[in-house]
$ cat model.pdb   # PDB, C-alpha atoms, pLDDT in the B column
ATOM      1  CA  MET A   1     -76.334 -22.893   5.224  1.00 69.00           C
ATOM      2  CA  PHE A   2     -76.009 -19.123   5.701  1.00 73.00           C
ATOM      3  CA  ALA A   3     -72.456 -18.585   4.426  1.00 74.00           C
ATOM      4  CA  PRO A   4     -73.162 -19.642   0.808  1.00 74.00           C
ATOM      5  CA  LEU A   5     -76.179 -17.308   0.837  1.00 76.00           C
ATOM      6  CA  GLY A   6     -73.961 -14.369   1.786  1.00 74.00           C
ATOM      7  CA  PHE A   7     -75.314 -13.961   5.309  1.00 74.00           C
ATOM      8  CA  VAL A   8     -71.968 -14.436   7.088  1.00 73.00           C
ATOM      9  CA  PRO A   9     -70.015 -11.200   6.855  1.00 71.00           C
ATOM     10  CA  GLY A  10     -66.314 -11.288   6.112  1.00 76.00           C
ATOM     11  CA  VAL A  11     -65.875 -14.824   4.729  1.00 82.00           C
ATOM     12  CA  ASN A  12     -64.235 -15.648   1.407  1.00 87.00           C
ATOM     13  CA  ALA A  13     -64.871 -18.521  -1.029  1.00 87.00           C
ATOM     14  CA  ALA A  14     -62.314 -20.857   0.616  1.00 88.00           C
ATOM     15  CA  GLN A  15     -63.858 -20.218   4.030  1.00 87.00           C
ATOM     16  CA  ILE A  16     -67.353 -20.866   2.695  1.00 86.00           C
ATOM     17  CA  ASP A  17     -66.112 -24.184   1.314  1.00 86.00           C
ATOM     18  CA  ALA A  18     -64.618 -25.079   4.723  1.00 85.00           C
ATOM     19  CA  ILE A  19     -67.859 -24.105   6.478  1.00 82.00           C
ATOM     20  CA  ALA A  20     -69.755 -26.534   4.250  1.00 82.00           C
ATOM     21  CA  HIS A  21     -67.668 -29.440   5.597  1.00 80.00           C
ATOM     22  CA  ARG A  22     -66.647 -30.742   8.991  1.00 76.00           C
ATOM     23  CA  GLY A  23     -63.224 -29.701  10.173  1.00 78.00           C
ATOM     24  CA  GLY A  24     -60.616 -27.426   8.635  1.00 84.00           C
ATOM     25  CA  TRP A  25     -62.207 -24.201   9.813  1.00 84.00           C
ATOM     26  CA  ASP A  26     -59.097 -22.942  11.622  1.00 86.00           C
ATOM     27  CA  GLU A  27     -56.848 -23.774   8.680  1.00 89.00           C
ATOM     28  CA  ALA A  28     -59.158 -21.884   6.307  1.00 88.00           C
ATOM     29  CA  GLY A  29     -59.251 -18.919   8.682  1.00 87.00           C
ATOM     30  CA  VAL A  30     -63.008 -19.053   9.229  1.00 84.00           C
ATOM     31  CA  PRO A  31     -63.911 -16.236  11.636  1.00 80.00           C
ATOM     32  CA  ASN A  32     -64.681 -17.481  15.140  1.00 75.00           C
ATOM     33  CA  LEU A  33     -67.268 -16.411  17.701  1.00 69.00           C
ATOM     34  CA  GLU A  34     -64.964 -13.765  19.163  1.00 72.00           C
ATOM     35  CA  HIS A  35     -64.655 -12.157  15.717  1.00 71.00           C
ATOM     36  CA  PHE A  36     -68.423 -11.838  15.352  1.00 65.00           C
ATOM     37  CA  MET A  37     -68.864 -10.611  18.923  1.00 63.00           C
ATOM     38  CA  ASN A  38     -66.391  -7.833  18.119  1.00 65.00           C
ATOM     39  CA  LEU A  39     -68.651  -6.776  15.251  1.00 64.00           C
ATOM     40  CA  GLY A  40     -71.072  -5.619  17.934  1.00 54.00           C
ATOM     41  CA  ARG A  41     -73.856  -8.150  17.450  1.00 48.00           C
ATOM     42  CA  GLY A  42     -74.553  -9.432  20.917  1.00 46.00           C
ATOM     43  CA  SER A  43     -72.420 -10.422  23.819  1.00 48.00           C
ATOM     44  CA  PRO A  44     -73.146 -11.349  27.390  1.00 52.00           C
ATOM     45  CA  ALA A  45     -70.837  -8.494  28.357  1.00 51.00           C
ATOM     46  CA  ARG A  46     -72.819  -6.041  26.213  1.00 53.00           C
ATOM     47  CA  PRO A  47     -76.550  -6.714  26.582  1.00 55.00           C
ATOM     48  CA  ARG A  48     -77.197  -3.005  26.003  1.00 57.00           C
ATOM     49  CA  ASN A  49     -76.026  -3.534  22.406  1.00 68.00           C
ATOM     50  CA  TRP A  50     -78.886  -5.980  21.896  1.00 69.00           C
ATOM     51  CA  SER A  51     -81.337  -3.317  22.991  1.00 69.00           C
ATOM     52  CA  ARG A  52     -79.707  -0.702  20.762  1.00 75.00           C
ATOM     53  CA  ILE A  53     -79.660  -3.011  17.755  1.00 74.00           C
ATOM     54  CA  SER A  54     -83.278  -4.026  18.334  1.00 73.00           C
ATOM     55  CA  ARG A  55     -84.284  -0.368  18.558  1.00 76.00           C
ATOM     56  CA  GLU A  56     -82.408   0.352  15.312  1.00 81.00           C
ATOM     57  CA  LEU A  57     -84.323  -2.462  13.616  1.00 78.00           C
ATOM     58  CA  GLU A  58     -87.549  -1.096  15.019  1.00 79.00           C
ATOM     59  CA  SER A  59     -86.730   2.335  13.522  1.00 85.00           C
ATOM     60  CA  ARG A  60     -85.757   0.902  10.142  1.00 83.00           C
ATOM     61  CA  TYR A  61     -88.831  -1.317   9.912  1.00 83.00           C
ATOM     62  CA  PRO A  62     -91.831   0.549  11.356  1.00 84.00           C
ATOM     63  CA  GLY A  63     -94.635  -1.804  12.257  1.00 83.00           C
ATOM     64  CA  MET A  64     -92.285  -4.723  12.893  1.00 79.00           C
ATOM     65  CA  GLU A  65     -93.943  -6.984  15.406  1.00 79.00           C
ATOM     66  CA  HIS A  66     -91.568  -9.953  15.743  1.00 79.00           C
ATOM     67  CA  ILE A  67     -87.833 -10.581  15.991  1.00 76.00           C
ATOM     68  CA  ASN A  68     -86.497 -14.136  15.814  1.00 78.00           C
ATOM     69  CA  ILE A  69     -83.685 -14.682  18.303  1.00 78.00           C
ATOM     70  CA  SER A  70     -81.948 -18.020  18.110  1.00 78.00           C
ATOM     71  CA  THR A  71     -78.779 -19.796  19.117  1.00 78.00           C
ATOM     72  CA  PRO A  72     -76.612 -22.133  17.024  1.00 74.00           C
ATOM     73  CA  LEU A  73     -78.221 -25.552  16.761  1.00 72.00           C
ATOM     74  CA  THR A  74     -75.015 -27.202  17.944  1.00 75.00           C
ATOM     75  CA  ALA A  75     -74.768 -25.144  21.140  1.00 77.00           C
ATOM     76  CA  PRO A  76     -75.244 -27.121  24.347  1.00 82.00           C
ATOM     77  CA  GLU A  77     -78.666 -26.701  25.930  1.00 88.00           C
ATOM     78  CA  SER A  78     -77.147 -24.961  28.962  1.00 87.00           C
ATOM     79  CA  VAL A  79     -75.507 -22.331  26.716  1.00 82.00           C
ATOM     80  CA  MET A  80     -78.736 -21.781  24.786  1.00 85.00           C
ATOM     81  CA  LEU A  81     -80.714 -21.291  27.992  1.00 89.00           C
ATOM     82  CA  GLU A  82     -78.084 -18.959  29.431  1.00 86.00           C
ATOM     83  CA  GLN A  83     -78.040 -16.780  26.294  1.00 82.00           C
ATOM     84  CA  LEU A  84     -81.816 -16.655  26.016  1.00 86.00           C
ATOM     85  CA  GLY A  85     -81.905 -15.766  29.710  1.00 88.00           C
ATOM     86  CA  TRP A  86     -79.711 -12.713  29.009  1.00 82.00           C
ATOM     87  CA  VAL A  87     -82.155 -11.614  26.317  1.00 81.00           C
ATOM     88  CA  ALA A  88     -85.117 -12.169  28.635  1.00 84.00           C
ATOM     89  CA  GLU A  89     -83.523 -10.127  31.422  1.00 83.00           C
ATOM     90  CA  ALA A  90     -81.707  -7.356  29.535  1.00 78.00           C
ATOM     91  CA  VAL A  91     -83.710  -6.829  26.351  1.00 76.00           C
ATOM     92  CA  MET A  92     -87.297  -8.029  26.569  1.00 78.00           C
ATOM     93  CA  PRO A  93     -88.326  -5.697  29.422  1.00 80.00           C
ATOM     94  CA  LYS A  94     -87.585  -2.752  27.097  1.00 73.00           C
ATOM     95  CA  PHE A  95     -90.063  -4.088  24.548  1.00 70.00           C
ATOM     96  CA  LYS A  96     -93.181  -4.652  26.621  1.00 65.00           C
ATOM     97  CA  GLN A  97     -96.313  -4.146  24.584  1.00 59.00           C
ATOM     98  CA  LYS A  98     -98.039  -0.845  25.116  1.00 52.00           C
TER      99      LYS A  98
END
$ encode --input "model.pdb" --output "structure tokens"
Amino acid sequence: MFAPLGFVPGVNAAQIDAIAHRGGWDEAGVPNLEHFMNLGRGSPARPRNWSRISRELESRYPGMEHINISTPLTAPESVMLEQLGWVAEAVMPKFKQK
């Protein structure tokens, strides 16, 4: 849903077409999770990046009160809980309300 709207950086028209269907992602060269992690947007190995990125958003959008953090809908529940746990432990404490 996000690729055709232009919200997936670095994909071309053929990759967007592959994303819209099941299978064929590797053949179309659709960027994988590792690719996007290397862009600097979150990683269990780099929870400090989440804090930095959140602070950058806070600076760009003064008065921002909410950030939606989600996981892919197809991720197993255990992966979702693990990732949200990293956010709860490494990021949320830096954003306690004053």
$ atom_distance --input "model.pdb" --atom1 "CA of Ser59 in chain A" --atom2 "CA of Pro31 in chain A"
29.5 Å
$ atom_distance --input "model.pdb" --atom1 "CA of Ala28 in chain A" --atom2 "CA of Met80 in chain A"
26.9 Å
$ residues_around --input "model.pdb" --residues "Met64 in chain A" --least-positions-apart "5" --cutoff "12 Å" --atoms "all atoms listed in the file" --output "MDAnalysis selection string"
chainID A and resid 54:59 95
$ atom_distance --input "model.pdb" --atom1 "CA of Glu77 in chain A" --atom2 "CA of Ile16 in chain A"
26.5 Å
$ residues_around --input "model.pdb" --residues "range 20-27 of chain A" --least-positions-apart "4" --cutoff "10 Å" --atoms "only C-alpha atoms" --output "list in words"
Met1, Phe2, Ala3, Pro4, Ala14, Gln15, Ile16, Pro31 and Asn32 of chain A
$ closest_residue --input "model.pdb" --among "A:Gly63, A:Gly85, A:Pro76, A:Gly29" --to "Val11 in chain A" --atoms "all atoms listed in the file"
A:Gly29
